[in-house]
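Source file: structure.cif (mmCIF, C-alpha atoms)
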```cif
data_coords
#
loop_
_atom_site.label_atom_id
_atom_site.label_comp_id
_atom_site.auth_asym_id
_atom_site.auth_seq_id
_atom_site.Cartn_x
_atom_site.Cartn_y
_atom_site.Cartn_z
CA MET Q 19 -38.20 126.75 120.24
CA SER Q 20 -37.12 128.79 117.22
CA ALA Q 21 -38.11 125.81 115.07
CA ILE Q 22 -41.72 126.16 116.26
CA ALA Q 23 -41.68 129.87 115.44
CA HIS Q 24 -40.47 129.16 111.88
CA VAL Q 25 -43.21 126.55 111.33
CA LEU Q 26 -45.96 128.86 112.58
CA GLU Q 27 -44.71 131.90 110.71
CA ALA Q 28 -44.51 129.87 107.47
CA ALA Q 29 -48.09 128.76 108.12
CA GLY Q 30 -49.24 132.39 108.37
CA ILE Q 31 -49.33 132.83 112.17
CA ALA Q 32 -47.24 135.70 113.54
CA THR Q 33 -44.87 134.82 116.38
CA THR Q 34 -42.75 136.56 118.96
CA SER Q 35 -40.28 134.75 121.20
CA ILE Q 36 -38.37 135.24 124.39
CA SER Q 37 -34.69 134.45 123.84
CA LEU Q 38 -32.51 133.35 126.74
CA ILE Q 39 -29.40 132.52 124.70
CA ARG Q 40 -28.68 135.21 122.14
CA PRO Q 41 -26.24 133.19 119.95
CA HIS Q 42 -28.91 130.50 119.49
CA SER Q 43 -31.46 133.08 118.28
CA GLU Q 44 -28.88 134.56 115.90
CA LYS Q 45 -27.99 131.16 114.46
CA MET Q 46 -31.61 130.04 114.19
CA ASN Q 47 -32.82 133.36 112.71
CA THR Q 48 -35.74 133.36 115.15
CA PRO Q 49 -38.47 135.38 113.36
CA ARG Q 50 -39.00 137.87 116.20
CA ALA Q 51 -37.10 137.55 119.46
CA LEU Q 52 -36.63 139.57 122.62
CA TRP Q 53 -33.31 138.65 124.21
CA THR Q 54 -33.28 138.82 127.99
CA THR Q 55 -30.47 138.29 130.45
CA PHE Q 56 -32.60 136.21 132.83
CA GLU Q 57 -31.40 132.88 134.08
CA LEU Q 58 -32.49 129.67 132.39
CA GLY Q 59 -35.88 128.59 133.70
CA ARG Q 60 -37.12 132.15 134.28
CA PRO Q 61 -38.06 133.58 130.86
CA PHE Q 62 -40.30 136.26 132.44
CA GLY Q 63 -37.84 137.32 135.11
CA LEU Q 64 -38.82 136.79 138.71
CA PRO Q 65 -41.60 134.89 140.46
CA ASN Q 66 -44.26 137.01 142.20
CA ASN Q 67 -43.25 140.16 140.37
CA PRO Q 68 -46.27 140.79 138.11
CA ASP Q 69 -45.20 144.28 137.02
CA PHE Q 70 -41.89 143.04 135.71
CA GLN Q 71 -43.42 139.95 134.08
CA ARG Q 72 -45.93 142.19 132.33
CA GLU Q 73 -43.20 144.49 131.07
CA VAL Q 74 -41.33 141.56 129.52
CA LEU Q 75 -44.46 140.06 127.98
CA LEU Q 76 -45.54 143.40 126.54
CA ALA Q 77 -42.07 144.10 125.12
CA ALA Q 78 -42.22 140.72 123.34
CA LEU Q 79 -45.77 141.32 122.05
CA ASN Q 80 -44.85 144.75 120.75
CA LEU Q 81 -42.42 143.10 118.32
CA LEU Q 82 -45.40 141.66 116.44
CA ASP Q 83 -45.72 144.91 114.48
CA ARG Q 84 -42.36 144.28 112.83
CA THR Q 85 -42.22 142.54 109.46
CA ASP Q 86 -38.59 143.35 108.66
CA GLY Q 87 -37.22 140.24 110.31
CA PRO Q 88 -35.50 138.40 111.61
CA VAL Q 89 -35.96 140.75 114.55
CA LEU Q 90 -33.67 140.38 117.57
CA VAL Q 91 -34.10 143.09 120.21
CA ASP Q 92 -32.35 143.26 123.59
CA PHE Q 93 -34.61 143.77 126.60
CA PRO Q 94 -32.96 146.69 128.40
CA LYS Q 95 -33.18 145.45 132.00
CA ASP Q 96 -31.79 142.61 134.06
CA ALA Q 97 -34.18 140.75 136.34
CA PRO Q 98 -34.62 142.60 139.64
CA ALA Q 99 -32.44 141.23 142.42
CA ALA Q 100 -34.19 138.67 144.56
CA VAL Q 101 -35.42 139.95 147.91
CA GLU Q 102 -33.44 137.60 150.07
CA ASP Q 103 -35.40 137.72 153.27
CA GLU Q 104 -38.27 140.13 153.84
CA GLU Q 105 -38.05 139.87 157.62
CA THR Q 106 -34.36 140.31 158.24
CA GLY Q 107 -33.14 141.74 154.93
CA GLU Q 108 -30.27 139.28 155.18
CA GLY Q 109 -29.22 136.40 152.98
CA TRP Q 110 -31.63 133.54 152.64
CA ALA Q 111 -31.47 130.72 155.12
CA CYS Q 112 -33.54 127.58 154.92
CA PRO Q 113 -36.27 127.46 157.57
CA VAL Q 114 -34.79 124.17 158.73
CA SER Q 115 -31.04 123.95 159.08
CA PHE Q 116 -29.47 120.57 158.38
CA GLU Q 117 -25.79 120.74 157.46
CA GLN Q 118 -25.53 116.98 157.54
CA PRO Q 119 -22.20 115.28 158.14
CA VAL Q 120 -21.42 112.49 155.67
CA ILE Q 121 -23.36 109.39 156.77
CA ASP Q 122 -21.73 106.17 155.62
CA ASP Q 123 -24.26 103.72 157.05
CA ARG Q 124 -27.19 103.35 154.66
CA SER Q 125 -29.88 102.67 157.29
CA GLU Q 126 -28.67 105.71 159.26
CA LEU Q 127 -28.85 107.76 156.08
CA VAL Q 128 -32.44 106.64 155.42
CA LYS Q 129 -33.33 107.62 158.99
CA ALA Q 130 -31.70 111.02 158.49
CA VAL Q 131 -33.73 111.53 155.31
CA GLU Q 132 -36.94 110.61 157.12
CA THR Q 133 -36.13 113.06 159.92
CA GLU Q 134 -35.40 115.75 157.36
CA ILE Q 135 -38.74 115.19 155.65
CA ARG Q 136 -40.58 115.35 158.98
CA SER Q 137 -38.87 118.67 159.72
CA LEU Q 138 -39.78 120.10 156.32
CA ASP Q 139 -43.33 118.77 156.18
CA PRO Q 140 -44.93 121.73 158.04
CA TRP Q 141 -43.17 124.08 155.62
CA TYR Q 142 -44.39 122.12 152.63
CA ARG Q 143 -47.96 122.33 153.95
CA MET Q 144 -47.48 126.05 154.58
CA SER Q 145 -46.37 126.42 150.96
CA LEU Q 146 -49.55 124.67 149.83
CA ASP Q 147 -51.70 127.01 151.95
CA LYS Q 148 -49.84 130.10 150.81
CA ARG Q 149 -49.75 129.34 147.09
CA GLY Q 150 -52.90 127.27 146.77
CA ARG Q 151 -50.96 124.97 144.45
CA THR Q 152 -48.12 122.53 144.27
CA THR Q 153 -46.02 121.48 141.29
CA PHE Q 154 -45.29 118.17 143.03
CA GLY Q 155 -46.99 115.19 141.38
CA LEU Q 156 -45.10 114.09 138.29
CA SER Q 157 -44.45 110.62 139.71
CA GLY Q 158 -47.98 109.85 140.87
CA LEU Q 159 -46.48 108.91 144.26
CA ASP Q 160 -46.50 110.75 147.57
CA ILE Q 161 -43.23 111.97 149.09
CA SER Q 162 -42.75 108.74 151.07
CA GLY Q 163 -43.34 106.73 147.91
CA CYS Q 164 -40.73 108.80 146.06
CA VAL Q 165 -38.18 108.21 148.81
CA ALA Q 166 -39.06 104.50 148.77
CA VAL Q 167 -38.21 104.42 145.05
CA LEU Q 168 -34.75 105.83 145.78
CA THR Q 169 -34.01 103.64 148.78
CA ALA Q 170 -35.26 100.45 147.10
CA TYR Q 171 -33.27 101.05 143.94
CA THR Q 172 -30.16 101.99 145.89
CA GLU Q 173 -30.40 98.83 148.00
CA SER Q 174 -31.54 96.25 145.48
CA GLY Q 175 -31.66 97.74 142.00
CA THR Q 176 -35.41 97.09 141.89
CA LEU Q 177 -38.44 99.33 142.25
CA PRO Q 178 -41.40 98.78 144.57
CA ASP Q 179 -44.12 100.98 143.05
CA LYS Q 180 -43.54 102.48 139.64
CA GLY Q 181 -46.22 105.19 139.92
CA ARG Q 182 -46.67 106.86 136.54
CA GLY Q 183 -43.25 105.87 135.23
CA ARG Q 184 -43.48 103.81 132.05
CA ASP Q 185 -40.14 102.12 132.76
CA ASP Q 186 -37.49 102.08 135.49
CA ALA Q 187 -35.72 105.16 134.13
CA GLU Q 188 -38.90 107.25 134.16
CA THR Q 189 -39.88 106.03 137.60
CA LEU Q 190 -36.51 107.11 138.94
CA ARG Q 191 -36.53 110.43 137.09
CA PHE Q 192 -40.06 111.35 138.16
CA ALA Q 193 -39.35 110.42 141.79
CA ILE Q 194 -36.16 112.51 141.75
CA GLU Q 195 -37.98 115.48 140.23
CA ASP Q 196 -40.80 115.26 142.75
CA ILE Q 197 -38.40 115.06 145.69
CA LYS Q 198 -36.51 118.15 144.53
CA THR Q 199 -39.82 119.95 143.98
CA TRP Q 200 -41.12 119.00 147.42
CA TYR Q 201 -37.94 120.16 149.17
CA GLN Q 202 -37.78 123.40 147.20
CA GLU Q 203 -41.44 124.28 147.70
CA ALA Q 204 -41.00 123.68 151.43
CA ALA Q 205 -37.83 125.75 151.50
CA THR Q 206 -39.47 128.71 149.74
CA ALA Q 207 -42.55 128.75 151.96
CA LYS Q 208 -41.22 131.39 154.28
CA PRO Q 209 -41.44 135.04 153.17
CA GLY Q 210 -38.82 136.26 150.76
CA SER Q 211 -37.64 135.15 147.37
CA PRO Q 212 -34.31 133.40 147.62
CA ALA Q 213 -31.97 133.39 144.65
CA SER Q 214 -32.08 130.08 142.81
CA ARG Q 215 -28.37 129.52 143.51
CA ALA Q 216 -28.97 129.71 147.26
CA LEU Q 217 -31.67 127.05 146.96
CA MET Q 218 -29.49 124.87 144.75
CA ASN Q 219 -26.57 125.10 147.15
CA TRP Q 220 -28.78 124.29 150.10
CA PHE Q 221 -30.31 121.22 148.48
CA TRP Q 222 -27.14 119.81 146.95
CA ARG Q 223 -24.68 120.66 149.71
CA GLU Q 224 -26.55 120.48 153.01
CA THR Q 225 -29.30 117.88 152.95
CA ALA Q 226 -29.19 114.19 153.76
CA MET Q 227 -31.32 113.68 150.66
CA THR Q 228 -28.44 114.73 148.46
CA GLN Q 229 -26.34 111.96 150.02
CA LEU Q 230 -29.07 109.45 149.15
CA MET Q 231 -29.13 110.82 145.61
CA GLU Q 232 -25.37 110.37 145.37
CA GLN Q 233 -25.79 106.72 146.39
CA LEU Q 234 -28.48 106.41 143.74
CA ARG Q 235 -26.14 107.91 141.15
CA LEU Q 236 -23.46 105.34 142.00
CA LYS Q 237 -25.99 102.51 141.76
CA THR Q 238 -27.34 103.64 138.38
CA SER Q 239 -23.79 103.81 137.02
CA GLN Q 240 -23.62 100.02 137.45
CA SER Q 241 -26.88 99.41 135.58
CA GLU Q 242 -26.96 97.70 132.20
CA ASP Q 243 -30.13 99.64 131.34
CA LYS Q 244 -28.87 102.57 129.26
CA ALA Q 245 -31.85 104.76 130.13
CA VAL Q 246 -31.30 104.19 133.86
CA LYS Q 247 -27.60 104.92 133.47
CA ASN Q 248 -28.52 108.13 131.65
CA VAL Q 249 -30.76 109.23 134.54
CA GLY Q 250 -27.81 108.97 136.91
CA GLU Q 251 -25.37 110.64 134.57
CA ARG Q 252 -27.47 113.46 133.14
CA GLN Q 253 -30.87 113.80 134.83
CA LEU Q 254 -29.99 113.85 138.49
CA VAL Q 255 -27.36 116.41 139.42
CA PRO Q 256 -27.26 119.77 137.57
CA ALA Q 257 -24.01 120.39 135.64
CA ALA Q 258 -23.45 123.50 137.75
CA VAL Q 259 -23.26 121.29 140.87
CA SER Q 260 -21.43 118.25 139.50
CA HIS Q 261 -18.78 120.37 137.75
CA GLY Q 262 -19.03 123.48 139.90
CA MET Z 15 -27.88 136.22 133.67
CA VAL Z 16 -27.46 134.12 130.57
CA ASP Z 17 -24.64 136.03 129.04
CA LEU Z 18 -22.56 133.00 128.11
CA ALA Z 19 -19.27 134.70 128.88
CA SER Z 20 -20.42 135.33 132.46
CA LEU Z 21 -21.34 131.74 133.27
CA PRO Z 22 -19.23 129.21 135.15
CA ASP Z 23 -17.32 126.99 132.70
CA ALA Z 24 -19.46 123.90 133.27
CA GLU Z 25 -22.69 125.70 132.43
CA ARG Z 26 -21.23 127.61 129.50
CA ILE Z 27 -19.83 124.43 127.96
CA HIS Z 28 -23.15 122.67 128.48
CA LEU Z 29 -25.05 125.47 126.71
CA GLU Z 30 -22.57 125.71 123.88
CA LYS Z 31 -22.93 121.99 123.27
CA ILE Z 32 -26.69 122.20 122.71
CA PRO Z 33 -27.19 121.41 119.01
CA CYS Z 34 -28.40 124.50 117.21
CA PRO Z 35 -28.50 124.23 113.43
CA ASP Z 36 -28.30 127.21 111.09
CA GLN Z 37 -31.75 128.12 109.90
CA GLU Z 38 -32.71 130.26 106.92
CA PRO Z 39 -34.90 133.27 107.77
CA THR Z 40 -38.65 132.87 107.27
CA PRO Z 41 -40.58 135.87 105.87
CA LEU Z 42 -42.57 137.50 108.66
CA VAL Z 43 -46.35 137.53 108.71
CA SER Z 44 -48.06 140.91 109.13
CA GLY Z 45 -51.29 141.31 111.05
CA PRO Z 46 -53.67 143.64 112.85
CA PRO Z 47 -52.57 145.97 115.66
CA LEU Z 48 -51.94 144.34 119.04
CA ASN Z 49 -55.30 145.41 120.46
CA LYS Z 50 -57.05 143.36 117.77
CA ARG Z 51 -54.93 140.23 118.05
CA ARG Z 52 -55.90 136.91 119.59
CA VAL Z 53 -52.87 135.61 121.43
CA ALA Z 54 -51.77 132.10 122.42
CA LEU Z 55 -48.79 131.16 124.57
CA ILE Z 56 -46.35 128.37 123.81
CA THR Z 57 -43.88 127.16 126.41
CA THR Z 58 -41.06 124.69 125.83
CA ALA Z 59 -40.93 123.90 129.56
CA ALA Z 60 -42.68 120.54 129.03
CA LEU Z 61 -45.61 121.62 131.18
CA VAL Z 62 -48.39 119.06 131.33
CA ARG Z 63 -51.70 118.93 133.07
CA ARG Z 64 -51.38 116.66 136.07
CA GLU Z 65 -53.49 113.92 134.46
CA ASP Z 66 -51.74 114.05 131.08
CA PRO Z 67 -48.73 111.88 130.17
CA PRO Z 68 -45.34 113.46 130.91
CA PHE Z 69 -43.20 114.38 127.89
CA THR Z 70 -40.75 112.07 126.17
CA ALA Z 71 -38.15 113.30 123.66
CA LYS Z 72 -40.10 111.81 120.76
CA GLY Z 73 -41.40 115.15 119.52
CA GLU Z 74 -44.75 115.83 121.13
CA TYR Z 75 -46.94 118.68 122.24
CA ARG Z 76 -49.58 119.04 124.91
CA VAL Z 77 -52.63 121.26 124.90
CA LEU Z 78 -52.97 123.57 127.91
CA PRO Z 79 -56.54 124.90 127.95
CA ALA Z 80 -56.47 128.57 128.96
CA SER Z 81 -58.83 127.70 131.81
CA THR Z 82 -56.38 125.19 133.37
CA PRO Z 83 -55.84 126.15 137.02
CA SER Z 84 -52.17 126.80 137.84
CA GLY Z 85 -52.28 124.02 140.42
CA ASP Z 86 -53.05 121.49 137.70
CA MET Z 87 -49.75 122.01 135.91
CA VAL Z 88 -46.55 120.08 136.52
CA MET Z 89 -43.24 120.26 134.69
CA SER Z 90 -41.97 117.12 132.98
CA HIS Z 91 -38.83 118.45 131.31
CA SER Z 92 -35.93 115.99 131.15
CA SER Z 93 -33.14 118.57 131.57
CA VAL Z 94 -31.97 119.37 135.08
CA ASN Z 95 -29.88 122.32 133.92
CA PHE Z 96 -32.31 125.17 134.46
CA ASP Z 97 -34.02 126.69 137.48
CA ARG Z 98 -37.40 125.27 138.47
CA THR Z 99 -37.84 127.22 141.71
CA GLY Z 100 -39.25 130.27 139.88
CA PHE Z 101 -41.94 128.08 138.33
CA GLN Z 102 -42.63 126.41 141.66
CA GLN Z 103 -43.29 129.78 143.26
CA ASP Z 104 -45.25 131.35 140.40
CA LEU Z 105 -46.45 129.80 137.14
CA ASN Z 106 -46.16 133.19 135.43
CA THR Z 107 -42.36 133.09 135.68
CA VAL Z 108 -42.54 130.51 132.89
CA HIS Z 109 -46.04 130.63 131.43
CA PRO Z 110 -47.56 134.10 131.98
CA VAL Z 111 -51.25 133.27 131.63
CA ASP Z 112 -52.33 135.68 134.36
CA ARG Z 113 -50.39 138.55 132.75
CA LEU Z 114 -51.89 137.73 129.33
CA ASN Z 115 -55.42 137.65 130.76
CA GLU Z 116 -54.80 141.05 132.39
CA LEU Z 117 -53.66 142.51 129.05
CA ALA Z 118 -56.86 141.22 127.44
CA ARG Z 119 -59.07 142.68 130.20
CA GLU Z 120 -57.37 146.05 129.74
CA GLY Z 121 -57.81 145.92 125.97
CA VAL Z 122 -54.06 145.94 125.29
CA ILE Z 123 -54.48 142.72 123.29
CA GLY Z 124 -57.68 141.69 121.53
CA SER Z 125 -58.30 138.38 123.27
CA VAL Z 126 -56.71 135.27 124.75
CA ALA Z 127 -56.81 131.99 122.84
CA GLU Z 128 -58.87 129.14 124.18
CA PHE Z 129 -55.83 126.87 124.13
CA HIS Z 130 -52.15 127.35 124.86
CA TYR Z 131 -49.51 124.73 124.02
CA SER Z 132 -46.51 123.07 125.57
CA PHE Z 133 -43.45 121.44 123.99
CA MET Z 134 -40.23 120.12 125.46
CA GLY Z 135 -36.85 121.61 124.60
CA SER Z 136 -34.04 119.01 124.58
CA THR Z 137 -35.84 117.29 121.68
CA PRO Z 138 -34.18 116.60 118.29
CA ILE Z 139 -35.04 119.52 116.04
CA ASP Z 140 -36.56 117.49 113.20
CA ARG Z 141 -39.05 116.07 115.68
CA VAL Z 142 -39.87 119.56 116.93
CA PHE Z 143 -40.63 120.67 113.35
CA THR Z 144 -43.00 117.74 112.93
CA ALA Z 145 -44.69 118.29 116.31
CA ALA Z 146 -45.13 122.00 115.57
CA GLN Z 147 -46.97 121.20 112.34
CA GLY Z 148 -49.51 119.44 114.52
CA ILE Z 149 -50.78 122.60 116.20
CA VAL Z 150 -51.17 124.83 113.11
CA GLU Z 151 -54.74 123.85 112.32
CA SER Z 152 -55.79 124.02 115.99
CA LEU Z 153 -54.38 127.55 116.27
CA LYS Z 154 -56.18 128.61 113.11
CA GLY Z 155 -59.40 126.98 114.32
CA ASP Z 156 -59.03 129.03 117.51
CA ARG Z 157 -58.62 132.18 115.31
CA VAL Z 158 -55.17 132.83 116.83
CA ASP Z 159 -53.13 135.39 114.90
CA ALA Z 160 -50.28 135.90 117.37
CA VAL Z 161 -48.21 133.46 119.41
CA CYS Z 162 -45.74 134.28 122.15
CA LEU Z 163 -43.14 131.54 122.62
CA ALA Z 164 -41.00 131.16 125.71
CA PRO Z 165 -38.12 128.76 126.40
CA VAL Z 166 -36.71 127.71 129.74
#
```
Would it be possible to restate this file's structure as structure tokens?
Amino acid sequence: MSAIAHVLEAAGIATTSISLIRPHSEKMNTPRALWTTFELGRPFGLPNNPDFQREVLLAALNLLDRTDGPVLVDFPKDAPAAVEDEETGEGWACPVSFEQPVIDDRSELVKAVETEIRSLDPWYRMSLDKRGRTTFGLSGLDISGCVAVLTAYTESGTLPDKGRGRDDAETLRFAIEDIKTWYQEAATAKPGSPASRALMNWFWRETAMTQLMEQLRLKTSQSEDKAVKNVGERQLVPAAVSHG
Amino acid sequence: MVDLASLPDAERIHLEKIPCPDQEPTPLVSGPPLNKRRVALITTAALVRREDPPFTAKGEYRVLPASTPSGDMVMSHSSVNFDRTGFQQDLNTVHPVDRLNELAREGVIGSVAEFHYSFMGSTPIDRVFTAAQGIVESLKGDRVDAVCLAPV
């Protein structure tokens, strides 16, 4: 991102940047940067906290006056703590509790995934109503189509409907992304703003879907298609989960 | 908190491994006061409009018209090592268009650009330089004199 700022500044357009990793901004001499302590993926702090987002944005914009750069200023606040559960004030719990045992039989696992999706579907629809938007849709498939991509590839190494994917690797990656999105939007439909770690732990440690994704990972590791292998190795499970 | 020392080893090592070349400082451009500036947003979250092609790592950008409804944006980033749940709950966590529009209505900034832009991090830096050159003329044509960039 600092590279873009350098190009624009050299072309005569003033820039200001949010920095999430201070050493990178130092090394890249970002023209003007506001370093924040927020987690990766949340450069303006917290969702649904407009006052805080505004404060961050304004602090970044106020650096535009400076011409004595490179400018690297520390934003003085951490992101507010997530409100775990507005109703109970207790730690976040998914609206649907799974805690799946390990399922060795593949057809039983597919059934468990289908049951899971049926249980979450009302919550996904509630999320749509509440937010008036969804970020699901990268793959061009519906949720059943995304699951079909995973099950077909896991069973046979082939793909039924490629959706918007331009090759097998993209089809797999987009289906994986959409499935995670669908689950997470459903899981965050109830009031409250769970910490991202709680959502990550729920998805990767409790759902049947994560078992299907593990089977997919094993299958992609046997592929001779380097891009497909890369999806399994690097674009499926976050490093914090696989090495955590 | 992205204070590297505070992260679990796996995440810290991952972040430290991200290639980050030394870069010479660029002289900073001066400009009018904030309440006279026309501001565009740039995100490196690989946001695309639903109908546009998802990002590859070839060094690309996408135009995000300021009028794009939040429900028309999806994230096509190839890295799985950052939180997406903030974006899923509220676009402004990543791309604060509503906050920027509010600042314009209140006269804190001069105006909001007609077009914002999206890039994808996790792209070789020489390709990012080339892709960034591609938006300079569009920004100037839009009379933009201030850009706020945000990573994920």
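Relative to atom CA of Ala23 of chain Q, atom CA of Ser44 of chain Z is found at 14.2 Å.
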Near segment 206-212 of chain Q, within 12 Å and counting all atoms listed in the file, which residues show up once chain neighbours fewer than 3 positions away are dropped, as a compact mmCIF listing (two decimals) with C-alpha atoms, keeping the file's coordinate frame?
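Output saved as around08.txt:
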```
# COMPACT_ATOMS: atom_id res chain seq x y z
CA LEU Q 64 -38.82 136.79 138.71
CA PRO Q 65 -41.60 134.89 140.46
CA ASN Q 66 -44.26 137.01 142.20
CA ASN Q 67 -43.25 140.16 140.37
CA PRO Q 98 -34.62 142.60 139.64
CA ALA Q 99 -32.44 141.23 142.42
CA ALA Q 100 -34.19 138.67 144.56
CA VAL Q 101 -35.42 139.95 147.91
CA GLU Q 102 -33.44 137.60 150.07
CA ASP Q 103 -35.40 137.72 153.27
CA GLU Q 104 -38.27 140.13 153.84
CA GLU Q 105 -38.05 139.87 157.62
CA THR Q 106 -34.36 140.31 158.24
CA GLY Q 107 -33.14 141.74 154.93
CA GLU Q 108 -30.27 139.28 155.18
CA GLY Q 109 -29.22 136.40 152.98
CA TRP Q 110 -31.63 133.54 152.64
CA ALA Q 111 -31.47 130.72 155.12
CA CYS Q 112 -33.54 127.58 154.92
CA PRO Q 113 -36.27 127.46 157.57
CA VAL Q 114 -34.79 124.17 158.73
CA LEU Q 138 -39.78 120.10 156.32
CA ASP Q 139 -43.33 118.77 156.18
CA PRO Q 140 -44.93 121.73 158.04
CA TRP Q 141 -43.17 124.08 155.62
CA TYR Q 142 -44.39 122.12 152.63
CA ARG Q 143 -47.96 122.33 153.95
CA MET Q 144 -47.48 126.05 154.58
CA SER Q 145 -46.37 126.42 150.96
CA LEU Q 146 -49.55 124.67 149.83
CA ASP Q 147 -51.70 127.01 151.95
CA LYS Q 148 -49.84 130.10 150.81
CA ARG Q 149 -49.75 129.34 147.09
CA GLY Q 150 -52.90 127.27 146.77
CA ARG Q 151 -50.96 124.97 144.45
CA THR Q 152 -48.12 122.53 144.27
CA THR Q 199 -39.82 119.95 143.98
CA TRP Q 200 -41.12 119.00 147.42
CA TYR Q 201 -37.94 120.16 149.17
CA GLN Q 202 -37.78 123.40 147.20
CA GLU Q 203 -41.44 124.28 147.70
CA ARG Q 215 -28.37 129.52 143.51
CA ALA Q 216 -28.97 129.71 147.26
CA LEU Q 217 -31.67 127.05 146.96
CA MET Q 218 -29.49 124.87 144.75
CA ASN Q 219 -26.57 125.10 147.15
CA TRP Q 220 -28.78 124.29 150.10
CA PHE Q 221 -30.31 121.22 148.48
CA ARG Z 98 -37.40 125.27 138.47
CA THR Z 99 -37.84 127.22 141.71
CA GLY Z 100 -39.25 130.27 139.88
CA PHE Z 101 -41.94 128.08 138.33
CA GLN Z 102 -42.63 126.41 141.66
CA GLN Z 103 -43.29 129.78 143.26
CA ASP Z 104 -45.25 131.35 140.40
```
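Using all atoms listed in the file for every distance, the candidate list Z:Pro35, Z:Gly73, Z:Pro41, Z:Pro47 yields Z:Gly73 as the residue closest to Thr144 of chain Z.
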With the PyMOL selection byres ((chain Q) within 6 of (chain Z)) as the selection, what would be picked from this file? Answer as a VMD selection string, please.
chain Q and resid 21 to 22 30 to 36 45 to 47 55 to 62 64 to 65 72 85 151 to 153 253 256 258 261
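Atom CA of His42 of chain Q to atom CA of His24 of chain Q spans 13.9 Å [interatomic distance, one decimal].
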To one decimal place, how far is atom CA of Asp83 of chain Q from atom CA of Leu26 of chain Q in Å?
16.2 Å
Using the chain letters and numbers from the file, give me the residues hit by the PyMOL selection byres ((chain Q and resi 249) around 9), as a list in words.
Ala187, Glu188, Leu190, Arg191, Arg235, Thr238, Lys244, Ala245, Val246, Lys247, Asn248, Gly250, Glu251, Arg252, Gln253 and Leu254 of chain Q
Just the residues within 12 Å of Val120 of chain Q, please, counting all atoms listed in the file, with nothing from its chain fewer than 6 positions along; format it as a PyMOL selection string.
chain Q and resi 126-127+130+223-230+232-233
Which centre and edge lengths in Å to one decimal define the box along x, y and z that fits every listed atom of segment 150-153 of chain Q plus 4 Å per side, as JSON?
```
{"center_x": -49.5, "center_y": 124.4, "center_z": 144.0, "size_x": 14.9, "size_y": 13.8, "size_z": 13.5}
```
Nearest candidate to Ala118 of chain Z (options Z:Tyr131, Z:Gly155, Z:Arg76, Z:Asn49; using only C-alpha atoms)
Z:Asn49
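Closest to Ser152 of chain Z among Z:Ala80, Z:Ala71, Z:Val111, Z:Ala127 is Z:Ala127, based on all atoms listed in the file.
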Looking at all atoms listed in the file, which of Z:Arg119, Z:Gly124, Z:Phe69, Z:His130 is the one that sits closest to Thr82 of chain Z?
Z:His130
